Amino acid sequence: MVTEDVEETEINPADYPKELEAVLDVCKLFAPPTKQTVAEWAEDNFILSSDYSAEPGLYKTDKAPYQKGILDAFNDASIETIVLKTSAQVGKSLSLQMMLAYTIEKDPAPALVVLPTLDNAKAFSKERLSCMFRDIPTLRAKLINEDKTKAKDTDNTILSKKYKGGAISLAGANSPASLAARAVRYLFLDEIDRFEVSAGAEGSPIQLAIKRTTTYFNRKIIMCSTPTCRDSNIDKAYNDSDQRKYHVPCPHCGEFQIMMFGQIKFDTNEYKQKGKIINAYYECPKCQGHITDKDKLALLNKGKWIADKPANGTAGFWINELYSPWVSFADISTKFLDAKKHRDLQPFMNTSLAEYFENKVDTLEVSPLFNRREDYNPAIVPLDALLITAGVDVQEDRIEVSVYAWAENMESWNLDHRVFLGNPATPAVWADLDDYLKTTYKHESGLIMPIHATAIDTGGSMTDATYRYCKGKLNRNIFAIKGSSSNNSPIYNKPSKGKTKEGSRVKLHIVGVSTAKDTIYKRLQLTDAGAGYLHYPKARTLDFFEQLIAETIKIKKLHGQNIRVWEKRTSDARNEALDCLVYAMAALHILNPLWSSLLKNHTTKVYKLKGKGTPAPVIETPVIEPQEELQEETPIETPIIKPEPTYTQQIIKQRVQRIIKKPRGNWLNKSY
């Protein structure tokens, strides 16, 4: 057999036909990912943006060493689900973001990111994803139509990002339509304790989203949240995991331990004198050695994740703010004392300690509340109060209003409760309400104060009439509100939009009614005046207090979940006084005032009024700006405040002129 020598020639890739280049590109998509882990890839590629990070630049795990164990779990083939039950300020959202970026670069496939609402999803896309694609060149190169040569880029929108080998879809747990799309391999569920119980009539948004991963044998599901209450979504998910906690060694005795808030030591007198804790340390429970903030980073680098339960395919990670390299022991101590001062520990428990808060509602009796009424003049605003809000409840045959004055520590005084009889479908009763909301009150210091903000419920059968009244009145801080269906929703949420029958849009503020009622019932149980205490005048009737405690918590099963529901104790009970208080509290939260500035200037004024200085100058009555910049649809004339006879005519004239000239001035930064 004769063989001929064949001369080998080098093939230039440039000579490949275009079809072969396309085939090679497709082959690259099916190439197995490299051995590089998420943490290793992030250290080489992930750029922290100055838009959301105080330390922009290339990511380094030694800044927060506990994150490495979380990121490495994503590369563990035996782990299908990762649960992050964490406090704030530990990099939870950043960990989720790095996992997502890794999939785009190393192992692309369809991905879905679900947040509590569509607005949250849009914000995540704008504030996180857009920055990520902009700042990381390797990811930017993956985007389809990244050069924006098309007049309209349908591949990249706020809620959808297409890249080579996959796509990211963003959805809101409150939108069943955004959850019912094509299958995905990667599922990221963020802040699941803020999810609605049901996505419309479709059932649990968590289960709806998980169903989209069933066709992938190698799926990854990441569930994250700060906890809220017992048996919440994240609490149950973590309990079903292997329950990992980060243990760090004591620098004195070497004992590995979980860092708990009870071991932080500080001097409360320092807080009383300076308003914050300056010096705090962590005490080892075994050797009583002192661990300072300077020791923290070294401890974290020597720490390790230890599971409390056997491996079961779900890796659960729990960590609190004590581990955060960005928060000092003194800062955490100050947060605790602030929460204690305001008699509201739930935010501290949830967001700092990563612990659920037990919302217990004890049965309240009407007699003790009725008997504790006080002999104060509700026409005079107490010296400590800085703001006045009103809450309006709309019924089929009447409108009811409660007015409250608020101090910086959430102590409040009921000033009035008024009922306007009439059909809200007709304009007459709304005219009566409108006149009433222009009422002014005399402050104990001598100032004349208006009702700074009003929240009006749009639920019930009078929604359209309420929309009509609220439309165009944002310059008077009259807000249309709607209750959130989520039990864990904060008292104030980002607004949405409502429509009148004619199609006119009205800004609609979403209120966490359940959370507000939890707060109110806790405050009604307080026995000593001070932070959070609710004061009521002798003028309030027994029926008013029966309405105030007309509801209780009941446990009901909805879409397979046990949920807490506020319901009337009896079917014929009236609850208008409670609802009006909820709405007045909501108005305060929508304003989100800068209390520290108000309190500082108010204290100076009171000091002078007590004879320790010259009489305080007359300050214009403040007009509150809402939390967000709101565009007015119809200009409303600011009402002129009538002077009180106790003031000189000259001073009154000056103040009224200031109010007229600056009806929408940013009072938060002015002297008061």
# chains A, B, ... in the order shown; residues from 1 in each chain; ligands from 1

$ closest_atom_pairs --of "segment 343-399 of chain A" --to "segment 535-549 of chain A" --cutoff "12 Å" --atoms "only C-alpha atoms" --output "Markdown table"
| residue | atom | partner | partner_atom | distance |
| --- | --- | --- | --- | --- |
| A:Val361 | CA | A:Ile549 | CA | 11.0 |
| A:Asp362 | CA | A:Ile549 | CA | 10.9 |
| A:Thr363 | CA | A:Ile549 | CA | 8.8 |
| A:Leu364 | CA | A:Ile549 | CA | 6.7 |
| A:Glu365 | CA | A:Ile549 | CA | 7.9 |
| A:Val366 | CA | A:Glu546 | CA | 6.0 |
| A:Ser367 | CA | A:Leu542 | CA | 8.2 |
| A:Pro368 | CA | A:Phe545 | CA | 9.9 |
| A:Leu369 | CA | A:Phe545 | CA | 6.9 |
| A:Phe370 | CA | A:Leu542 | CA | 6.2 |
| A:Asn371 | CA | A:Lys538 | CA | 9.1 |
| A:Arg372 | CA | A:Tyr536 | CA | 8.0 |
| A:Arg373 | CA | A:Tyr536 | CA | 5.3 |
| A:Glu374 | CA | A:Pro537 | CA | 4.9 |
| A:Asp375 | CA | A:Lys538 | CA | 5.8 |
| A:Tyr376 | CA | A:Pro537 | CA | 5.9 |
| A:Asn377 | CA | A:Pro537 | CA | 7.3 |
| A:Pro378 | CA | A:Pro537 | CA | 6.6 |
| A:Ala379 | CA | A:Pro537 | CA | 10.3 |
| A:Ile380 | CA | A:Pro537 | CA | 11.3 |
| A:Val381 | CA | A:His535 | CA | 11.8 |
| A:Pro382 | CA | A:His535 | CA | 10.7 |
| A:Ala385 | CA | A:His535 | CA | 11.8 |

$ select_by_dssp --residues "segment 506-560 of chain A" --states "helix (DSSP H, G or I)" --output "number ranges by chain"
A: 513-524, 542-548

$ residues_around --residues "Ile332 of chain A" --least-positions-apart "2" --cutoff "10 Å" --atoms "only C-alpha atoms" --output "PyMOL selection string"
chain A and resi 261+264+277+280+321-322+327-330+334-338+348+352-353

$ closest_residue --among "A:Ala587, A:Ala311, A:Ala167, A:Leu421" --to "Ile456 of chain A" --atoms "only C-alpha atoms"
A:Ala587

$ residues_around --residues "segment 105-114 of chain A" --least-positions-apart "4" --cutoff "7 Å" --atoms "only C-alpha atoms" --output "list of chain:residue names"
A:Pro33, A:Ala101, A:Ala121, A:Leu139, A:Gly165, A:Gly166, A:Ala167, A:Ile168, A:Ser169, A:Leu170, A:Ala171, A:Gly172, A:Ala173, A:Val184, A:Arg185, A:Tyr186, A:Leu187, A:Phe188, A:Leu189, A:Asp190

$ write_last_selection --atoms "N, CA and C atoms" --output "PDB file, in the first residue's frame"
ATOM      1  N   PRO A  33     -18.903  25.377  31.634  1.00  0.00           N
ATOM      2  CA  PRO A  33     -18.317  26.526  32.338  1.00  0.00           C
ATOM      3  C   PRO A  33     -16.984  26.149  32.968  1.00  0.00           C
ATOM      4  N   ALA A 101     -24.748  38.077  37.792  1.00  0.00           N
ATOM      5  CA  ALA A 101     -23.706  38.481  36.843  1.00  0.00           C
ATOM      6  C   ALA A 101     -22.869  37.282  36.412  1.00  0.00           C
ATOM      7  N   ALA A 121     -39.144  46.200  41.033  1.00  0.00           N
ATOM      8  CA  ALA A 121     -38.406  45.543  39.952  1.00  0.00           C
ATOM      9  C   ALA A 121     -37.795  46.571  39.006  1.00  0.00           C
ATOM     10  N   LEU A 139     -19.674  41.932  30.748  1.00  0.00           N
ATOM     11  CA  LEU A 139     -21.129  41.779  30.739  1.00  0.00           C
ATOM     12  C   LEU A 139     -21.747  42.659  29.663  1.00  0.00           C
ATOM     13  N   GLY A 165     -27.134  33.755  24.949  1.00  0.00           N
ATOM     14  CA  GLY A 165     -27.358  32.519  25.686  1.00  0.00           C
ATOM     15  C   GLY A 165     -28.486  32.575  26.680  1.00  0.00           C
ATOM     16  N   GLY A 166     -29.082  33.743  26.893  1.00  0.00           N
ATOM     17  CA  GLY A 166     -30.152  33.817  27.878  1.00  0.00           C
ATOM     18  C   GLY A 166     -30.787  35.185  27.952  1.00  0.00           C
ATOM     19  N   ALA A 167     -31.531  35.402  29.010  1.00  0.00           N
ATOM     20  CA  ALA A 167     -32.205  36.681  29.213  1.00  0.00           C
ATOM     21  C   ALA A 167     -32.599  36.803  30.675  1.00  0.00           C
ATOM     22  N   ILE A 168     -32.657  38.040  31.152  1.00  0.00           N
ATOM     23  CA  ILE A 168     -33.143  38.321  32.495  1.00  0.00           C
ATOM     24  C   ILE A 168     -34.518  38.948  32.371  1.00  0.00           C
ATOM     25  N   SER A 169     -35.491  38.373  33.071  1.00  0.00           N
ATOM     26  CA  SER A 169     -36.815  38.983  33.176  1.00  0.00           C
ATOM     27  C   SER A 169     -36.989  39.470  34.603  1.00  0.00           C
ATOM     28  N   LEU A 170     -37.591  40.627  34.775  1.00  0.00           N
ATOM     29  CA  LEU A 170     -37.868  41.154  36.104  1.00  0.00           C
ATOM     30  C   LEU A 170     -39.365  41.225  36.310  1.00  0.00           C
ATOM     31  N   ALA A 171     -39.816  40.862  37.507  1.00  0.00           N
ATOM     32  CA  ALA A 171     -41.247  40.776  37.773  1.00  0.00           C
ATOM     33  C   ALA A 171     -41.558  41.277  39.176  1.00  0.00           C
ATOM     34  N   GLY A 172     -42.824  41.616  39.376  1.00  0.00           N
ATOM     35  CA  GLY A 172     -43.305  41.998  40.699  1.00  0.00           C
ATOM     36  C   GLY A 172     -44.202  40.914  41.249  1.00  0.00           C
ATOM     37  N   ALA A 173     -44.062  40.613  42.537  1.00  0.00           N
ATOM     38  CA  ALA A 173     -44.884  39.573  43.148  1.00  0.00           C
ATOM     39  C   ALA A 173     -46.357  39.945  43.154  1.00  0.00           C
ATOM     40  N   VAL A 184     -37.564  29.248  33.222  1.00  0.00           N
ATOM     41  CA  VAL A 184     -36.271  29.830  33.573  1.00  0.00           C
ATOM     42  C   VAL A 184     -35.452  28.815  34.363  1.00  0.00           C
ATOM     43  N   ARG A 185     -34.143  28.945  34.243  1.00  0.00           N
ATOM     44  CA  ARG A 185     -33.244  28.074  35.004  1.00  0.00           C
ATOM     45  C   ARG A 185     -32.845  28.720  36.328  1.00  0.00           C
ATOM     46  N   TYR A 186     -32.655  30.021  36.308  1.00  0.00           N
ATOM     47  CA  TYR A 186     -32.230  30.740  37.512  1.00  0.00           C
ATOM     48  C   TYR A 186     -33.385  31.592  38.027  1.00  0.00           C
ATOM     49  N   LEU A 187     -33.679  31.463  39.320  1.00  0.00           N
ATOM     50  CA  LEU A 187     -34.758  32.226  39.934  1.00  0.00           C
ATOM     51  C   LEU A 187     -34.225  32.953  41.165  1.00  0.00           C
ATOM     52  N   PHE A 188     -34.369  34.263  41.160  1.00  0.00           N
ATOM     53  CA  PHE A 188     -33.928  35.098  42.279  1.00  0.00           C
ATOM     54  C   PHE A 188     -35.156  35.785  42.887  1.00  0.00           C
ATOM     55  N   LEU A 189     -35.448  35.483  44.139  1.00  0.00           N
ATOM     56  CA  LEU A 189     -36.599  36.052  44.839  1.00  0.00           C
ATOM     57  C   LEU A 189     -36.078  36.931  45.969  1.00  0.00           C
ATOM     58  N   ASP A 190     -36.271  38.228  45.857  1.00  0.00           N
ATOM     59  CA  ASP A 190     -35.702  39.164  46.833  1.00  0.00           C
ATOM     60  C   ASP A 190     -36.796  39.789  47.691  1.00  0.00           C
TER      61      ASP A 190
END
